[in-house]
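Okay, structure first, notes after.
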Amino acid sequence: MATATADLVKLAETDVNSAIAPEQYGPVITSAPFVFVDGTFNTRDLGLVPDSPLRANYAFRSGTLGGLTDNGKAVLTGKLGVKRVFDLRSPEERTSMPDPSIPGVENTWIQSSRPDSKPILDRFVAGEGEAGYEEMYLEVIEDYAGSWKAILEHVRDRPQDPFLVHCTAGRDRTGIYGGLLLALAGASEDAIATDWQLSRIGTEPVRSMLLEFARKGTDAYGDDQPGFYNLVNLKKSCWRAFVKALEKQYGGFEGFVTGKLGFSQQDLEKIKKNLTRA
């Protein structure tokens with residue numbers, strides 16, 4: 001049974017300094033829009049996010065798949081019917097925890113145009129970290145252009161083949177993928193921001209791993225370093241700052257798809273159709 005939208009949103013707004021108890025997040029991450037897949041986390045169906053216009057059982061997102069159990073693999077291919085996995089991680093991340101080889105599932109990885117840079121914590125100090133997120137996410141959406149193009153080509157050409165996209169935490173890079181698809185499907189700004197913020201709940205089972213990943217990724221000397229707290233939090237104001245910057249630079253997600261990725265208007269219309277209708 002799906003969690004009520006208001007309760008889902010309220011839980012997702014929990015400050016990162018406050019741990020969410022297992023008895024709180026447990027029932028949530030095993031019901032829509034989340035999907036329990038043993039051996040990974042933060043897995044959900046973009047079509048089941050509150051107020052999503054995207055069709056269900058087609059586009060999925062998650063954290064790393066390196067720890068998938070046999071049961072998790074069976075859920076991925078059986079219950080979800082996933083035919084293709086897109087990996088948004090760096091070469092170093094892939095080496096440390098490779099994606100499993102699953103019969104019937106095509107693995108796709110396209111190296112980013114340049115190595116991931118370390119977030120500059122000073123940029124996350126002011127407000128809720130809006131300037132830092134704007135800068136970080138604009139870099140990600142540009143550097144992973146090859147991956148976005150391959151994902152959208154899949155939507156355009158293979159509407160009958162469900163797929164899953166992941167990075168390490170399934171939060172930032174994968175969050176941009178979620179925002180991209182939901183925006184093209186016609187979701188409201190609030191519905192898109194809600195999906196992004198749901199990772200606050202979805203990553204709670206691996207809270208310590210996520211914090212350590214963030215520490216290493218920034219060379220932070222401690223959790224109390226100015227800016228670190230805002231970086232690991234998920235506030236909708238930060239997502240909106242990124243969207244505003246994307247609008248200014250590319251004319252929004254659609255402008256990015258046609259201007260940066262090179263899709264035609266005809267391609268765009270077909271992608272939109274395939275996202276919302278089987």
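In the structure tokens, chains take letters A, B, ... by order of appearance, with residues numbered from 1 within each chain and ligands from 1 in the order shown.
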Exercise: Lys236 in chain A partners within 12 Å, only C-alpha atoms, chain neighbours under 6 positions left out, as a ChimeraX atom specification: /A:9,12-15,128-130,133-134,189-200,230,242-243
Test item: residues at most 12 Å from Ala74 in chain A, only C-alpha atoms, excluding those fewer than 3 positions along its chain, as a PyMOL selection string: chain A and resi 36-39+68-71+77-82+102-105
Write the residues of the selection above to a file with N, CA and C atoms, as a CSV table (one decimal), in the first residue's frame.
chain,number,residue,atom,x,y,z
A,36,PHE,N,11.2,-2.5,-3.3
A,36,PHE,CA,12.3,-3.1,-2.6
A,36,PHE,C,13.0,-4.1,-3.5
A,37,VAL,N,14.3,-3.9,-3.7
A,37,VAL,CA,15.1,-4.8,-4.5
A,37,VAL,C,16.3,-5.1,-3.7
A,38,ASP,N,16.4,-6.4,-3.2
A,38,ASP,CA,17.4,-6.8,-2.3
A,38,ASP,C,18.8,-6.6,-2.8
A,39,GLY,N,19.6,-5.9,-2.0
A,39,GLY,CA,21.0,-5.6,-2.4
A,39,GLY,C,21.2,-4.3,-3.0
A,68,LEU,N,23.7,-6.5,-5.4
A,68,LEU,CA,22.4,-7.2,-5.7
A,68,LEU,C,22.5,-8.7,-5.3
A,69,THR,N,21.5,-9.2,-4.6
A,69,THR,CA,21.5,-10.6,-4.3
A,69,THR,C,20.8,-11.3,-5.4
A,70,ASP,N,20.7,-12.6,-5.4
A,70,ASP,CA,20.0,-13.4,-6.4
A,70,ASP,C,18.5,-13.0,-6.4
A,71,ASN,N,18.0,-12.8,-5.2
A,71,ASN,CA,16.6,-12.4,-5.1
A,71,ASN,C,16.4,-11.0,-5.7
A,77,THR,N,14.5,-8.4,-12.9
A,77,THR,CA,14.2,-8.9,-14.2
A,77,THR,C,12.7,-9.4,-14.3
A,78,GLY,N,12.2,-9.9,-13.2
A,78,GLY,CA,10.9,-10.5,-13.1
A,78,GLY,C,9.8,-9.5,-12.9
A,79,LYS,N,9.8,-9.0,-11.6
A,79,LYS,CA,8.7,-8.1,-11.2
A,79,LYS,C,8.8,-6.8,-12.0
A,80,LEU,N,10.0,-6.2,-12.2
A,80,LEU,CA,10.1,-4.9,-12.8
A,80,LEU,C,10.3,-5.1,-14.3
A,81,GLY,N,10.8,-6.2,-14.8
A,81,GLY,CA,10.9,-6.4,-16.2
A,81,GLY,C,12.0,-5.6,-16.9
A,82,VAL,N,13.0,-5.2,-16.1
A,82,VAL,CA,14.1,-4.4,-16.6
A,82,VAL,C,14.9,-5.1,-17.7
A,102,ILE,N,23.6,-9.7,-15.5
A,102,ILE,CA,22.4,-10.4,-15.3
A,102,ILE,C,21.8,-10.9,-16.7
A,103,PRO,N,21.6,-12.2,-16.8
A,103,PRO,CA,21.0,-12.7,-18.1
A,103,PRO,C,19.8,-11.9,-18.5
A,104,GLY,N,19.8,-11.5,-19.8
A,104,GLY,CA,18.6,-10.7,-20.3
A,104,GLY,C,18.7,-9.3,-20.1
A,105,VAL,N,19.7,-8.8,-19.4
A,105,VAL,CA,19.8,-7.3,-19.1
A,105,VAL,C,21.0,-6.8,-19.7
Nearby residues (only C-alpha atoms) at most 6 Å from Thr43 in chain A, same-chain spacing under 5 positions excluded, as an MDAnalysis selection string: chainID A and resid 34:35 61:62
How would the residues just picked look written out with N, CA and C atoms as a PDB file, in the first residue's frame?
ATOM      1  N   PHE A  34       8.436   3.610  -4.054  1.00  0.00           N
ATOM      2  CA  PHE A  34       9.648   2.811  -3.890  1.00  0.00           C
ATOM      3  C   PHE A  34       9.379   1.346  -4.239  1.00  0.00           C
ATOM      4  N   VAL A  35      10.435   0.656  -4.578  1.00  0.00           N
ATOM      5  CA  VAL A  35      10.381  -0.776  -4.863  1.00  0.00           C
ATOM      6  C   VAL A  35      11.518  -1.421  -4.086  1.00  0.00           C
ATOM      7  N   ARG A  61      14.784   4.029 -11.116  1.00  0.00           N
ATOM      8  CA  ARG A  61      16.027   4.637 -10.631  1.00  0.00           C
ATOM      9  C   ARG A  61      16.437   3.961  -9.341  1.00  0.00           C
ATOM     10  N   SER A  62      17.747   3.960  -9.046  1.00  0.00           N
ATOM     11  CA  SER A  62      18.207   3.327  -7.807  1.00  0.00           C
ATOM     12  C   SER A  62      19.619   3.766  -7.470  1.00  0.00           C
TER      13      SER A  62
END
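Nearest-residue note for Pro33 in chain A: choosing from A:Gly47, A:Gly67, A:Gly132, A:Gly217, the minimum distance belongs to A:Gly47, counting only C-alpha atoms.
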Per-residue DSSP, range 7-243 of chain A, filtered to strand (DSSP E or B), as a list in words: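 Strand (DSSP E or B) members of range 7-243 of chain A, listed: Phe34, Arg44, Asp45, Ala59, Phe60, Arg61, Ser62, Arg84, Val85, Phe86, Asp87, Glu106, Asn107, Thr108, Trp109, Phe163, Leu164, Val165 and His166 of chain A.
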Contacts between range 244-259 of chain A and range 123-211 of chain A, please, where a residue of range 123-211 of chain A counts if it comes within 8 Å (with only C-alpha atoms); show its shortest atom pair and distance in Å to one decimal, rows by chain and ascending number, as JSON lines.
{"residue": "A:Glu134", "atom": "CA", "partner": "A:Ala245", "partner_atom": "CA", "distance": 6.7}
{"residue": "A:Leu138", "atom": "CA", "partner": "A:Leu246", "partner_atom": "CA", "distance": 7.1}
{"residue": "A:Leu180", "atom": "CA", "partner": "A:Phe253", "partner_atom": "CA", "distance": 6.2}
{"residue": "A:Ala183", "atom": "CA", "partner": "A:Phe253", "partner_atom": "CA", "distance": 6.8}
{"residue": "A:Leu184", "atom": "CA", "partner": "A:Glu254", "partner_atom": "CA", "distance": 6.8}
Close residues, range 50-57 of chain A itself excluded, 7 Å, only C-alpha atoms, min 5 positions apart in chain, as a list in words: Thr5, Asp45, Leu80, Pro162, Leu182, Ala185, Gly186, Ala187, Ala191, Leu275, Thr276 and Arg277 of chain A
Exercise: Ile110 in chain A partners within 7 Å, only C-alpha atoms, chain neighbours under 2 positions left out, as a PyMOL selection string: chain A and resi 108+112+146-147
Distance criterion (only C-alpha atoms): nearest to Phe228 in chain A out of A:Ile201, A:Val16, A:Ala145, A:Ile271: A:Val16
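Distances from A:Leu261, A:Leu76, A:Ile151, A:Pro226 to Ala126 in chain A were compared using only C-alpha atoms, and the smallest one belongs to A:Pro226.
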Atom pair CA of Pro91 in chain A / CA of Phe124 in chain A: separation (Å): 26.2 Å
Which of range 11-238 of chain A fall in alpha helix (DSSP H), as a PyMOL selection string: chain A and resi 11-12+22-29+70-74+91-96+130-143+145-157+173-185+189-197+199-202+207-218+228-232+236-238
Gap from CA of Leu88 in chain A to CA of Cys167 in chain A - Å, one decimal: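 Between these atoms lies a distance of 4.8 Å.
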Atomic separation - CA of Phe60 in chain A relative to CA of Arg44 in chain A, Å: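 According to the coordinates, CA of Arg44 in chain A and CA of Phe60 in chain A are separated by 5.7 Å.
Residue nearest Val232 in chain A, chosen from A:Asp161, A:Asp219, A:Glu106, A:Glu212 and counting only C-alpha atoms: A:Glu212.
Nearest-residue note for Tyr221 in chain A: choosing from A:Pro159, A:Leu121, A:Arg173, A:Glu269, the minimum distance belongs to A:Leu121, counting only C-alpha atoms.
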Surrounding residues of range 17-26 of chain A excluding itself and chain neighbours under 5 positions, 9 Å, only C-alpha atoms, as a list in words: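 Here the answer would be Leu11, Ile201, Gly202, Glu204, Pro205, Arg207, Tyr229 and Asn233 of chain A.
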With C-alpha atoms retained, could you export that selection as a JSON list (two decimals), in the first residue's frame?
[["chain", "number", "residue", "atom", "x", "y", "z"],
["A", 11, "LEU", "CA", 9.21, 12.42, 5.85],
["A", 201, "ILE", "CA", 14.22, 8.58, 2.58],
["A", 202, "GLY", "CA", 15.62, 6.12, 0.04],
["A", 204, "GLU", "CA", 18.52, 6.33, 4.90],
["A", 205, "PRO", "CA", 19.28, 2.57, 5.09],
["A", 207, "ARG", "CA", 23.12, 6.67, 5.85],
["A", 229, "TYR", "CA", 25.77, 19.97, 6.06],
["A", 233, "ASN", "CA", 20.94, 17.71, 2.87]]
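Comparing the minimum interatomic distances between Pro115 in chain A and each of A:Thr95, A:Ser90, A:Gln160, A:Ser31, counting only C-alpha atoms, we find that A:Ser90 sits nearest.
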